[in-house]
Structure formats: structure tokens, C-alpha cells
file my_file.txt (compact mmCIF, C-alpha atoms)
# COMPACT_ATOMS: atom_id res chain seq x y z
CA MET R 1386 0.00 0.00 0.00
CA SER R 1387 1.48 3.35 -0.98
CA ALA R 1388 2.00 5.76 1.89
CA LEU R 1389 1.28 9.44 2.32
CA HIS R 1390 4.27 11.48 3.38
CA VAL R 1391 4.23 12.01 7.13
CA ASN R 1392 4.70 15.77 6.78
CA LYS R 1393 2.31 16.32 3.90
CA PRO R 1394 0.68 19.73 4.43
CA CYS R 1395 -2.86 19.71 5.80
CA ASP R 1396 -5.24 22.47 4.73
CA GLN R 1397 -7.71 21.49 7.47
CA ASN R 1398 -7.42 21.08 11.23
CA ASP R 1399 -4.21 19.13 11.91
CA TYR R 1400 -3.96 17.21 15.20
CA VAL R 1401 -2.97 13.92 16.84
CA PHE R 1402 -5.67 11.69 18.37
CA THR R 1403 -5.02 8.77 20.73
CA SER R 1404 -7.02 5.69 21.80
CA GLU R 1405 -6.14 2.93 24.23
CA ALA R 1406 -7.16 -0.68 24.76
CA VAL R 1407 -6.59 -3.29 27.45
CA SER R 1408 -6.07 -7.04 27.41
CA GLU R 1409 -8.50 -9.68 28.58
CA GLY R 1410 -6.28 -10.05 31.64
CA HIS R 1411 -6.59 -6.42 32.70
CA PRO R 1412 -8.32 -6.38 36.12
CA ASP R 1413 -11.37 -4.44 34.89
CA LYS R 1414 -11.74 -6.72 31.88
CA VAL R 1415 -11.48 -9.79 34.12
CA CYS R 1416 -14.53 -8.44 35.94
CA ASP R 1417 -16.40 -7.65 32.72
CA GLN R 1418 -15.87 -11.22 31.50
CA ILE R 1419 -17.03 -12.75 34.77
CA SER R 1420 -20.15 -10.56 34.78
CA ASP R 1421 -21.02 -11.47 31.19
CA ALA R 1422 -20.29 -15.17 31.73
CA ILE R 1423 -22.80 -15.17 34.59
CA LEU R 1424 -25.31 -13.28 32.43
CA ASP R 1425 -24.88 -15.91 29.70
CA ALA R 1426 -25.45 -18.71 32.22
CA TYR R 1427 -28.78 -17.18 33.22
CA LEU R 1428 -29.84 -16.60 29.61
CA SER R 1429 -28.96 -20.21 28.75
CA GLN R 1430 -31.49 -21.35 31.33
CA ASP R 1431 -34.10 -18.61 30.81
CA PRO R 1432 -33.84 -16.17 27.87
CA ASN R 1433 -36.05 -13.73 29.77
CA SER R 1434 -33.72 -13.56 32.75
CA ARG R 1435 -33.04 -10.13 34.20
CA VAL R 1436 -29.45 -9.77 35.31
CA ALA R 1437 -27.35 -6.91 36.63
CA CYS R 1438 -24.12 -8.52 37.80
CA GLU R 1439 -21.18 -6.50 39.11
CA THR R 1440 -17.79 -8.04 39.86
CA LEU R 1441 -14.84 -6.93 41.97
CA ALA R 1442 -11.48 -8.66 41.68
CA THR R 1443 -8.52 -8.05 43.97
CA GLU R 1444 -5.73 -10.07 45.57
CA ASP R 1445 -6.97 -13.68 45.87
CA ILE R 1446 -10.64 -12.56 45.91
CA VAL R 1447 -13.58 -12.21 43.53
CA VAL R 1448 -16.80 -10.63 44.81
CA LEU R 1449 -20.10 -10.83 42.89
CA ALA R 1450 -22.90 -8.38 43.64
CA GLY R 1451 -26.09 -7.31 41.91
CA GLU R 1452 -29.61 -8.38 41.13
CA THR R 1453 -31.20 -11.23 39.18
CA SER R 1454 -34.70 -12.33 38.26
CA SER R 1455 -35.01 -15.65 36.46
CA HIS R 1456 -37.09 -18.78 35.96
CA ALA R 1457 -33.98 -20.90 35.45
CA ALA R 1458 -34.80 -24.58 35.91
CA VAL R 1459 -31.43 -25.23 37.54
CA LYS R 1460 -29.77 -23.03 40.16
CA ILE R 1461 -26.93 -21.07 38.60
CA GLU R 1462 -23.72 -22.07 40.35
CA THR R 1463 -21.46 -19.07 39.95
CA GLU R 1464 -18.22 -20.48 41.38
CA PRO R 1465 -17.35 -22.83 38.47
CA ILE R 1466 -18.24 -20.05 36.01
CA VAL R 1467 -15.81 -17.67 37.68
CA ARG R 1468 -13.02 -20.24 37.85
CA LYS R 1469 -13.38 -21.15 34.17
CA VAL R 1470 -13.21 -17.51 33.08
CA LEU R 1471 -10.03 -16.98 35.10
CA ALA R 1472 -8.42 -20.15 33.74
CA ASP R 1473 -9.32 -19.28 30.14
CA ILE R 1474 -7.74 -15.85 30.54
CA GLY R 1475 -4.55 -17.38 31.90
CA TYR R 1476 -4.72 -16.75 35.64
CA THR R 1477 -3.52 -20.22 36.61
CA ARG R 1478 -0.10 -19.66 38.17
CA ASP R 1479 0.37 -20.01 41.93
CA ASP R 1480 2.87 -17.14 42.16
CA MET R 1481 0.68 -14.33 40.76
CA GLY R 1482 -1.28 -13.43 43.91
CA PHE R 1483 -4.48 -14.09 42.00
CA ASN R 1484 -5.57 -17.18 40.10
CA ASP R 1485 -8.46 -19.50 39.31
CA GLN R 1486 -8.35 -20.95 42.83
CA CYS R 1487 -9.05 -17.62 44.53
CA ARG R 1488 -11.79 -17.06 47.12
CA ILE R 1489 -15.20 -16.25 45.63
CA TYR R 1490 -18.02 -14.42 47.42
CA ASP R 1491 -21.45 -14.53 45.75
CA CYS R 1492 -23.60 -11.62 46.95
CA LEU R 1493 -26.13 -11.67 44.10
CA HIS R 1494 -29.74 -11.27 45.20
CA ALA R 1495 -33.26 -10.98 43.77
CA GLN R 1496 -34.19 -7.97 41.67
CA THR R 1497 -36.67 -5.53 43.23
CA SER R 1498 -40.25 -5.65 41.98
CA GLU R 1499 -40.14 -2.03 40.75
CA LEU R 1500 -37.37 -2.79 38.26
CA SER R 1501 -38.73 -6.16 37.15
CA HIS R 1502 -42.16 -4.61 36.44
CA ASN R 1503 -40.58 -2.14 34.00
CA ALA R 1504 -39.04 -4.98 32.00
CA ASP R 1505 -42.17 -7.13 32.21
CA ASP R 1506 -44.13 -4.24 30.68
CA ASP R 1507 -41.58 -4.00 27.82
CA GLY R 1508 -40.42 -0.64 29.10
CA ALA R 1509 -36.88 0.59 29.63
CA GLY R 1510 -35.26 -0.85 32.76
CA ASP R 1511 -33.78 2.54 33.55
CA GLN R 1512 -33.43 6.03 32.15
CA GLY R 1513 -30.38 6.80 30.06
CA LEU R 1514 -28.82 8.17 26.92
CA MET R 1515 -26.77 6.10 24.50
CA PHE R 1516 -24.61 6.80 21.45
CA GLY R 1517 -23.82 4.75 18.36
CA TYR R 1518 -21.21 5.57 15.75
CA ALA R 1519 -19.66 4.38 12.50
CA CYS R 1520 -17.19 5.87 10.03
CA ASN R 1521 -15.36 4.84 6.89
CA GLN R 1522 -11.85 4.95 8.38
CA THR R 1523 -11.67 1.13 8.35
CA LYS R 1524 -13.46 -1.71 6.59
CA HIS R 1525 -15.17 -2.54 9.87
CA LEU R 1526 -16.38 1.09 9.95
CA MET R 1527 -14.50 1.94 13.14
CA PRO R 1528 -12.05 4.73 13.99
CA VAL R 1529 -8.48 3.64 13.20
CA PRO R 1530 -6.87 4.36 16.61
CA ILE R 1531 -9.20 2.15 18.67
CA ALA R 1532 -9.28 -0.53 15.97
CA MET R 1533 -5.49 -0.80 16.02
CA ALA R 1534 -5.26 -0.62 19.81
CA GLN R 1535 -7.72 -3.52 20.14
CA LYS R 1536 -5.97 -5.55 17.45
CA LEU R 1537 -2.63 -5.10 19.25
CA MET R 1538 -4.14 -6.59 22.40
CA GLN R 1539 -5.71 -9.50 20.53
CA ASN R 1540 -2.44 -10.32 18.79
CA LEU R 1541 -0.45 -10.00 22.02
CA ALA R 1542 -2.82 -12.44 23.75
CA GLN R 1543 -2.55 -14.86 20.85
CA ALA R 1544 1.26 -14.74 21.05
CA ARG R 1545 1.08 -15.38 24.81
CA LYS R 1546 -1.39 -18.25 24.65
CA SER R 1547 0.27 -19.96 21.68
CA GLY R 1548 3.62 -20.04 23.47
CA LEU R 1549 5.23 -17.69 20.97
CA LEU R 1550 5.95 -15.25 23.82
CA PRO R 1551 5.90 -17.52 26.89
CA MET R 1552 7.30 -14.85 29.21
CA LEU R 1553 4.11 -12.78 28.99
CA LEU R 1554 1.40 -12.68 31.66
CA PRO R 1555 -2.27 -11.79 31.01
CA ASP R 1556 -2.38 -8.11 32.05
CA ALA R 1557 -1.53 -5.59 29.31
CA LYS R 1558 -2.45 -2.23 27.77
CA SER R 1559 -1.93 -0.59 24.39
CA GLN R 1560 -2.10 2.99 23.15
CA VAL R 1561 -2.15 4.24 19.57
CA SER R 1562 -1.79 7.81 18.29
CA PHE R 1563 -2.65 8.94 14.76
CA ARG R 1564 -2.15 12.28 13.07
CA TYR R 1565 -5.37 13.52 11.48
CA CYS R 1566 -6.05 16.01 8.74
CA GLY R 1567 -9.61 17.16 9.33
CA ARG R 1568 -11.55 13.95 10.08
CA LYS R 1569 -9.16 11.65 8.17
CA PRO R 1570 -6.19 9.70 9.60
CA VAL R 1571 -3.03 10.38 7.60
CA SER R 1572 -0.13 8.96 9.61
CA LEU R 1573 0.63 6.68 12.51
CA GLN R 1574 2.56 8.56 15.20
CA THR R 1575 3.06 6.37 18.28
CA VAL R 1576 2.40 2.77 19.33
CA VAL R 1577 2.66 1.75 22.98
CA ILE R 1578 2.36 -1.69 24.58
CA SER R 1579 2.85 -2.28 28.28
CA THR R 1580 2.67 -5.91 29.31
CA ASN R 1581 2.95 -7.85 32.55
CA HIS R 1582 5.61 -10.54 32.38
CA LEU R 1583 7.51 -13.16 34.35
CA ARG R 1584 10.62 -12.24 36.34
CA LEU R 1585 13.30 -11.55 33.73
CA THR R 1586 16.96 -10.62 33.62
CA ASP R 1587 17.92 -7.37 31.90
CA PRO R 1588 18.96 -9.16 28.67
CA GLU R 1589 15.75 -11.23 28.71
CA PHE R 1590 13.68 -8.08 29.18
CA SER R 1591 15.42 -6.38 26.26
CA GLU R 1592 14.77 -9.45 24.12
CA MET R 1593 11.08 -9.45 25.15
CA ARG R 1594 10.73 -5.84 24.03
CA GLU R 1595 12.21 -6.62 20.63
CA LEU R 1596 10.06 -9.72 20.21
CA VAL R 1597 6.87 -7.81 21.07
CA LYS R 1598 7.76 -5.25 18.41
CA LYS R 1599 8.68 -7.88 15.81
CA LEU R 1600 5.95 -10.47 16.45
CA VAL R 1601 3.04 -8.26 17.53
CA ILE R 1602 3.41 -4.59 16.64
CA VAL R 1603 4.78 -4.80 13.09
CA PRO R 1604 2.29 -7.50 11.95
CA THR R 1605 -0.59 -5.56 13.52
CA ILE R 1606 0.33 -2.41 11.63
CA GLU R 1607 0.40 -4.42 8.42
CA GLU R 1608 -3.07 -5.79 9.25
CA MET R 1609 -4.37 -2.28 9.84
CA GLU R 1610 -2.92 -1.00 6.57
CA ASN R 1611 -5.02 -3.65 4.84
CA ASP R 1612 -8.08 -2.87 6.99
CA ALA R 1613 -7.95 0.90 6.55
CA CYS R 1614 -10.25 2.33 3.88
CA SER R 1615 -7.85 5.17 3.11
CA THR R 1616 -4.07 5.13 2.90
CA PHE R 1617 -2.15 6.27 5.95
CA SER R 1618 1.59 6.54 6.46
CA ALA R 1619 3.27 4.01 8.73
CA GLU R 1620 6.85 4.94 7.87
CA ASP R 1621 8.03 7.11 10.72
CA TYR R 1622 6.25 6.12 13.90
CA GLU R 1623 7.59 5.69 17.43
CA VAL R 1624 7.32 2.39 19.32
CA LYS R 1625 7.36 2.10 23.10
CA VAL R 1626 7.26 -1.33 24.77
CA ASN R 1627 7.05 -1.25 28.57
CA PRO R 1628 8.36 2.33 28.58
CA ARG R 1629 8.53 2.42 32.39
CA GLY R 1630 10.62 -0.75 32.50
CA MET R 1631 9.91 -4.19 33.87
CA TRP R 1632 6.33 -4.98 34.97
CA GLU R 1633 6.38 -8.14 37.08
CA ASN R 1634 3.42 -7.48 39.40
CA GLY R 1635 0.13 -7.17 37.53
CA GLY R 1636 -3.45 -8.36 37.37
CA PRO R 1637 -6.03 -8.01 40.16
CA ALA R 1638 -3.40 -8.78 42.83
CA ALA R 1639 -1.68 -5.48 42.00
CA ASP R 1640 -4.64 -3.37 40.79
CA THR R 1641 -8.23 -4.02 41.86
CA GLY R 1642 -10.70 -4.50 39.01
CA LEU R 1643 -14.37 -3.59 38.70
CA THR R 1644 -17.06 -4.26 36.10
CA GLY R 1645 -17.84 -1.35 33.79
CA ARG R 1646 -14.73 0.80 34.15
CA LYS R 1647 -13.56 0.54 30.53
CA ILE R 1648 -16.51 2.11 28.71
CA ILE R 1649 -14.36 4.10 26.26
CA VAL R 1650 -12.18 1.06 25.50
CA ASP R 1651 -15.40 -0.92 24.94
CA THR R 1652 -16.74 1.52 22.34
CA TYR R 1653 -14.97 4.02 20.04
CA GLY R 1654 -11.81 4.93 21.91
CA GLY R 1655 -13.04 8.44 22.67
CA TRP R 1656 -13.47 9.35 19.01
CA ALA R 1657 -17.26 9.34 19.43
CA GLN R 1658 -19.33 10.45 22.40
CA HIS R 1659 -20.48 8.09 25.15
CA GLY R 1660 -23.61 8.20 27.30
CA GLY R 1661 -21.80 6.94 30.39
CA GLY R 1662 -23.49 3.56 30.85
CA ALA R 1663 -21.44 0.37 30.92
CA PHE R 1664 -22.45 -2.86 29.12
CA SER R 1665 -21.16 -6.00 30.80
CA GLY R 1666 -23.31 -7.96 33.23
CA LYS R 1667 -26.53 -6.35 31.99
CA ASP R 1668 -29.30 -8.15 30.12
CA ALA R 1669 -30.86 -6.44 27.10
CA THR R 1670 -33.74 -4.84 28.99
CA LYS R 1671 -31.08 -2.43 30.21
CA VAL R 1672 -30.99 0.14 27.41
CA ASP R 1673 -27.42 1.06 28.35
CA ARG R 1674 -26.53 -2.06 26.42
CA SER R 1675 -29.29 -2.81 23.93
CA ALA R 1676 -29.78 0.76 22.69
CA ALA R 1677 -26.02 1.29 22.34
CA TYR R 1678 -25.89 -1.85 20.19
CA MET R 1679 -28.86 -0.68 18.13
CA THR R 1680 -27.46 2.78 17.49
CA ARG R 1681 -24.17 1.21 16.38
CA HIS R 1682 -26.11 -1.03 13.97
CA ILE R 1683 -28.02 1.93 12.56
CA ALA R 1684 -24.93 4.14 12.22
CA LYS R 1685 -23.05 1.30 10.52
CA SER R 1686 -25.95 0.73 8.13
CA VAL R 1687 -26.01 4.43 7.24
CA VAL R 1688 -22.29 4.52 6.43
CA ALA R 1689 -22.24 1.13 4.69
CA SER R 1690 -25.16 2.24 2.51
CA GLY R 1691 -23.17 5.25 1.33
CA LEU R 1692 -25.49 7.79 2.95
CA ALA R 1693 -22.64 9.38 4.95
CA ASP R 1694 -18.90 9.03 5.58
CA GLU R 1695 -19.57 8.96 9.31
CA CYS R 1696 -22.65 8.92 11.47
CA LEU R 1697 -23.30 9.54 15.16
CA LEU R 1698 -26.64 8.75 16.81
CA GLN R 1699 -27.90 9.61 20.26
CA ILE R 1700 -31.01 7.96 21.66
CA SER R 1701 -32.54 8.35 25.12
CA PHE R 1702 -35.14 6.56 27.22
CA VAL R 1703 -37.12 7.21 30.39
CA ILE R 1704 -37.50 4.36 32.88
CA GLY R 1705 -40.64 2.35 32.16
CA ASP R 1706 -41.24 3.95 28.73
CA LYS R 1707 -41.35 1.74 25.66
CA GLU R 1708 -40.49 4.46 23.12
CA PRO R 1709 -37.36 6.64 23.13
CA VAL R 1710 -37.89 10.25 24.15
CA SER R 1711 -35.25 11.54 21.73
CA LEU R 1712 -33.24 10.60 18.66
CA MET R 1713 -30.42 12.74 17.26
CA VAL R 1714 -28.43 12.15 14.05
CA ASP R 1715 -25.17 13.90 13.15
CA THR R 1716 -23.18 13.10 10.00
CA PHE R 1717 -20.61 15.89 10.57
CA GLY R 1718 -21.47 17.42 7.22
CA SER R 1719 -20.72 14.19 5.34
CA GLY R 1720 -24.33 13.11 4.73
CA LYS R 1721 -25.81 12.70 1.27
CA MET R 1722 -29.04 14.19 2.61
CA PRO R 1723 -29.87 16.58 5.46
CA ASP R 1724 -29.54 15.01 8.91
CA THR R 1725 -33.22 15.71 9.64
CA GLU R 1726 -34.21 13.75 6.53
CA LEU R 1727 -31.86 10.92 7.50
CA GLN R 1728 -33.39 10.85 10.97
CA LYS R 1729 -36.84 10.36 9.44
CA LYS R 1730 -35.49 7.52 7.26
CA ILE R 1731 -34.00 5.84 10.34
CA GLN R 1732 -37.26 6.10 12.27
CA ASP R 1733 -39.11 4.56 9.32
CA SER R 1734 -36.54 1.76 8.83
CA PHE R 1735 -35.70 0.47 12.31
CA PRO R 1736 -37.69 -0.54 15.41
CA LEU R 1737 -36.73 1.77 18.28
CA THR R 1738 -38.88 0.51 21.15
CA VAL R 1739 -37.12 -1.45 23.88
CA LYS R 1740 -38.85 -4.70 22.89
CA GLY R 1741 -38.41 -3.89 19.20
CA ILE R 1742 -34.66 -3.51 19.64
CA ILE R 1743 -34.32 -6.72 21.66
CA ASP R 1744 -36.34 -8.74 19.15
CA TYR R 1745 -34.73 -7.17 16.06
CA LEU R 1746 -31.17 -7.84 17.32
CA ASP R 1747 -32.13 -11.14 18.99
CA LEU R 1748 -30.51 -10.11 22.27
CA ARG R 1749 -31.91 -12.80 24.56
CA ARG R 1750 -29.23 -15.29 23.53
CA PRO R 1751 -26.19 -16.20 25.70
CA ILE R 1752 -23.63 -14.46 23.49
CA PHE R 1753 -22.27 -11.73 25.72
CA LEU R 1754 -19.06 -13.22 27.10
CA SER R 1755 -17.60 -12.80 23.61
CA THR R 1756 -18.16 -9.04 23.83
CA ALA R 1757 -16.44 -8.54 27.19
CA SER R 1758 -12.89 -8.13 25.87
CA TYR R 1759 -11.40 -6.40 22.81
CA GLY R 1760 -14.40 -4.13 22.21
CA HIS R 1761 -18.13 -4.53 21.60
CA PHE R 1762 -17.97 -3.16 18.05
CA GLY R 1763 -16.00 -3.62 14.85
CA ARG R 1764 -15.34 -7.35 15.04
CA ASP R 1765 -16.32 -10.28 12.82
CA ASP R 1766 -18.72 -12.44 14.81
CA SER R 1767 -21.77 -13.99 13.17
CA GLN R 1768 -23.66 -13.79 16.48
CA TRP R 1769 -23.16 -10.03 16.77
CA THR R 1770 -26.31 -8.93 14.99
CA TRP R 1771 -25.59 -5.27 15.67
CA GLU R 1772 -22.50 -5.52 13.44
CA LYS R 1773 -24.56 -6.62 10.45
CA VAL R 1774 -25.69 -4.04 7.92
CA LYS R 1775 -29.16 -3.19 6.68
CA GLU R 1776 -29.08 -1.67 3.22
CA LEU R 1777 -30.74 1.74 3.14
CA GLN R 1778 -31.80 3.56 0.00
call {"tool": "encode", "arguments": {"input": "my_file.txt", "output": "C-alpha cells"}}
result
Amino acid sequence: MSALHVNKPCDQNDYVFTSEAVSEGHPDKVCDQISDAILDAYLSQDPNSRVACETLATEDIVVLAGETSSHAAVKIETEPIVRKVLADIGYTRDDMGFNDQCRIYDCLHAQTSELSHNADDDGAGDQGLMFGYACNQTKHLMPVPIAMAQKLMQNLAQARKSGLLPMLLPDAKSQVSFRYCGRKPVSLQTVVISTNHLRLTDPEFSEMRELVKKLVIVPTIEEMENDACSTFSAEDYEVKVNPRGMWENGGPAADTGLTGRKIIVDTYGGWAQHGGGAFSGKDATKVDRSAAYMTRHIAKSVVASGLADECLLQISFVIGDKEPVSLMVDTFGSGKMPDTELQKKIQDSFPLTVKGIIDYLDLRRPIFLSTASYGHFGRDDSQWTWEKVKELQ
């Protein structure tokens, strides 16, 4: 792929934008995965289960708290679910201060009648505002910085689990900075990976840094050059691997994790707005999750149909109401029709009630553990109905 010159003049606003991502072993992501695994277990037994599961993970402890309402035929045993999630991530060593044999405290309890009545009446389980976004920066219609940051974490985990980089431990973070001209990415500026690892000598640590660059960073950049819808320069970028030095103490033993603390990582990396509500551990009657998925689907359909280069939607609900109280569309001047006209087309083309969204996207299935790491958007997964595209004329 031919590259733009890094210093090519920009006749629009010229700036550098950064997004970050975290690994599946990051303490907050550990909690997100546990919460969604428990949600999936309830949905497997009763698709109409109501679940709001929060998780805390710290040294040698996992605490579950929240509310459930379900007609599950078999009691959901949370302990084996938690232990499997931890083992699958890679928390199996005895010398990490946290592993799949940690203490587990289940403090889940029954949902209050006020909240369950809202869902039973097909109304929103809470008030809230949600955003959905898509753009033509990549083939998956995601902003380039967050797409690359997530891909770095996926490829790092694959190298760890395959044995290619056996010195790595599960906790890691990435950060990617791109120079933009207007709303278009033109050059990669900085790539950062910080990863937890086994105790290493200085030469071993230096070798690890070089291997991460060679086996993870360079191949990921090549992947992103193929995924990007427009050419960007990747000729003169800076790489930082563990810039602070060795990182031997990581995971929940070193940094307590909580469900729902990576909402920007989960979505668009800060490039698009966020309503503030987290996703993991919540069934689809919680519009924080279902409406965010629906607005992503709509925005992606708008861009994929050629009606705009990028599209941002905001939708809001009042607790107990079936219909949204507002819908806003913004194409940042890139729309092929006025935004007000596009809004009318969206309202005519998609169901926007709480029940309509759940049924349209088929969100009562136990599919949510797969969303709990590496982002809820922009990935190829046949079960992720919100990532499919509806052709709009």
C-alpha cells in the first residue's frame, strides 16, 4: 500500500488523536468477562432472565454483587463459572497473587419488583442516553486508533497463549496515536504496549521488548494498513514497549478491578461520544446495552449504505417507557441528505422501542461473554447482529 508522506501539508485542522485498549487479563476486563459469563449462564437457562451482575477482583478474591430475576430450571452455580473464566484468561499460576483458585463471594440477590415490572411491561429498565457511531476509516467502519489498539491486544494475547511469547502474563495495555487532517487519519505517530511478564533478567527483558515489536506490533500495523479504507503513512512512527521498565506485578493482585470501568475502550476509543453507561453484566432490557448496540447497527448501516462518511446517533429513554424520548443524528457534514431527513429515514426503517430492539437484534441469547474483551464493536462475529448491515436507499 502506498504511503502518504508524514509531513504532507494539511489544509484542514491538523492534530494527533489517541485511543487505548486493554487485554482480557486487565483487572477491569477480568470483571467484565465474569459478569457477562454469569449473564450468559442465566440466559442459557431462561432467555427472559433479568441480570445486573457486578464483579470486583482483587488479591486472591472475587466478589459478585447485583440483582437477578429468572425462571432458570437449575440453580446457577457461579463459582465454576468464575473459575473457568479466570483459567481461560490465563490466571492459573500459583505465584501471581491471583488465580483460578481464589476465594469467591457470591452476593447476588433478587431484583426488586419495581425494576422487574418495567421490564415485564416491555419498558426501559432505567433512564439513560446512549450513542452509536460508524465511520469509513476502516473496513469494519471503526475509527483507526481504537481498531489498532484492540488488534494489538488480541495479537499480544494470541502470542502469549500460543507459546510464541511464553514470558508474557495476562495483564496488558496498548495505546495508539494517529495524526489527522480534518476527520481523516493520515499517519501513525506512536504505538505503545505495556505488558505484565515473568521475572526476567535485563537481557531477557530487552529481548522481550524486541520480540513484542517484531511479532506483535509490526504484523498488527500491516493488518491495519489492509483494513484501513484510506491510505495512511506508517513509515516514521515511534514504538514504546514497557516504557517504564519491567512490569512483574500485575493483574487483580496489584490493581483491583471492577465491572464497567472501561466504557471508552469498549466503544470508540473516545473518538465518538459516550452516554456513560457500561455494558457488561446487563441483560438487554437495560438500554445502556441494547440501545447502544442498536445505534451502532443503525450508524453502521447508514455509512455502509453510502449515505454518509460517518454517522453519530444519540437515543434516550425514560425508565418504564417503551419508546425513546429523543433521537439525534449527526453526520458531521458528510451526509448525502440533510440530517433531519436521514433521521426520518432511520425512524421509518428500524424498530426503536425497547422490545423492538431486543427482538430485532435477537438479544436474549447467551452471546455476551464474547463481547467482554477487545471491544463490543468492529469485530467479525456472526452472532453479533448489531454488526450486520441493513441496506438503506
call {"tool": "atom_distance", "arguments": {"input": "my_file.txt", "atom1": "CA of Ala1657 (chain R)", "atom2": "CA of Ala1519 (chain R)"}}
result
8.9 Å
call {"tool": "closest_residue", "arguments": {"input": "my_file.txt", "among": "R:Gln1535, R:Cys1614, R:Leu1471, R:Met1609", "to": "Val1577 (chain R)", "atoms": "all atoms listed in the file"}}
result
R:Gln1535
call {"tool": "closest_residue", "arguments": {"input": "my_file.txt", "among": "R:Tyr1565, R:Ala1663, R:Cys1492, R:Tyr1400", "to": "Phe1617 (chain R)", "atoms": "only C-alpha atoms"}}
result
R:Tyr1565
call {"tool": "closest_residue", "arguments": {"input": "my_file.txt", "among": "R:Gly1691, R:Pro1412, R:Gly1636, R:Pro1551", "to": "Leu1441 (chain R)", "atoms": "only C-alpha atoms"}}
result
R:Pro1412
call {"tool": "closest_residue", "arguments": {"input": "my_file.txt", "among": "R:Ser1615, R:Ser1455, R:Ser1408, R:Gln1658", "to": "Arg1435 (chain R)", "atoms": "only C-alpha atoms"}}
result
R:Ser1455
call {"tool": "residues_around", "arguments": {"input": "my_file.txt", "residues": "Asn1540 (chain R)", "least_positions_apart": "2", "cutoff": "9 Å", "atoms": "only C-alpha atoms", "output": "list in words"}}
result
Gln1535, Lys1536, Leu1537, Met1538, Ala1542, Gln1543, Ala1544, Arg1545, Leu1600, Val1601, Ile1602, Pro1604 and Thr1605 of chain R
call {"tool": "atom_distance", "arguments": {"input": "my_file.txt", "atom1": "CA of Glu1776 (chain R)", "atom2": "CA of Glu1726 (chain R)"}}
result
16.6 Å
call {"tool": "residues_around", "arguments": {"input": "my_file.txt", "residues": "Cys1696 (chain R)", "least_positions_apart": "6", "cutoff": "7 Å", "atoms": "all atoms listed in the file", "output": "MDAnalysis selection string"}}
result
chainID R and resid 1518:1520 1684 1688 1715:1716
call {"tool": "closest_residue", "arguments": {"input": "my_file.txt", "among": "R:Ala1638, R:Leu1712, R:Val1687, R:Cys1438", "to": "Asp1480 (chain R)", "atoms": "all atoms listed in the file"}}
result
R:Ala1638
call {"tool": "residues_near_point", "arguments": {"input": "my_file.txt", "point": "(-25.2, -4.7, 35.0)", "cutoff": "8 Å", "atoms": "only C-alpha atoms", "output": "number ranges by chain"}}
result
R: 1420, 1436-1439, 1451, 1663-1668, 1671
call {"tool": "closest_atom_pairs", "arguments": {"input": "my_file.txt", "of": "region 1606-1717 of chain R", "to": "region 1758-1768 of chain R", "cutoff": "7 Å", "atoms": "only C-alpha atoms", "output": "Markdown table"}}
result
| residue | atom | partner | partner_atom | distance |
| --- | --- | --- | --- | --- |
| R:Val1650 | CA | R:Gly1760 | CA | 6.5 |
| R:Asp1651 | CA | R:Gly1760 | CA | 4.3 |
| R:Thr1652 | CA | R:Gly1760 | CA | 6.1 |
call {"tool": "closest_residue", "arguments": {"input": "my_file.txt", "among": "R:Leu1698, R:Met1481, R:Leu1428, R:Val1467", "to": "Thr1453 (chain R)", "atoms": "all atoms listed in the file"}}
result
R:Leu1428
call {"tool": "atom_distance", "arguments": {"input": "my_file.txt", "atom1": "CA of Val1561 (chain R)", "atom2": "CA of Val1774 (chain R)"}}
result
27.5 Å
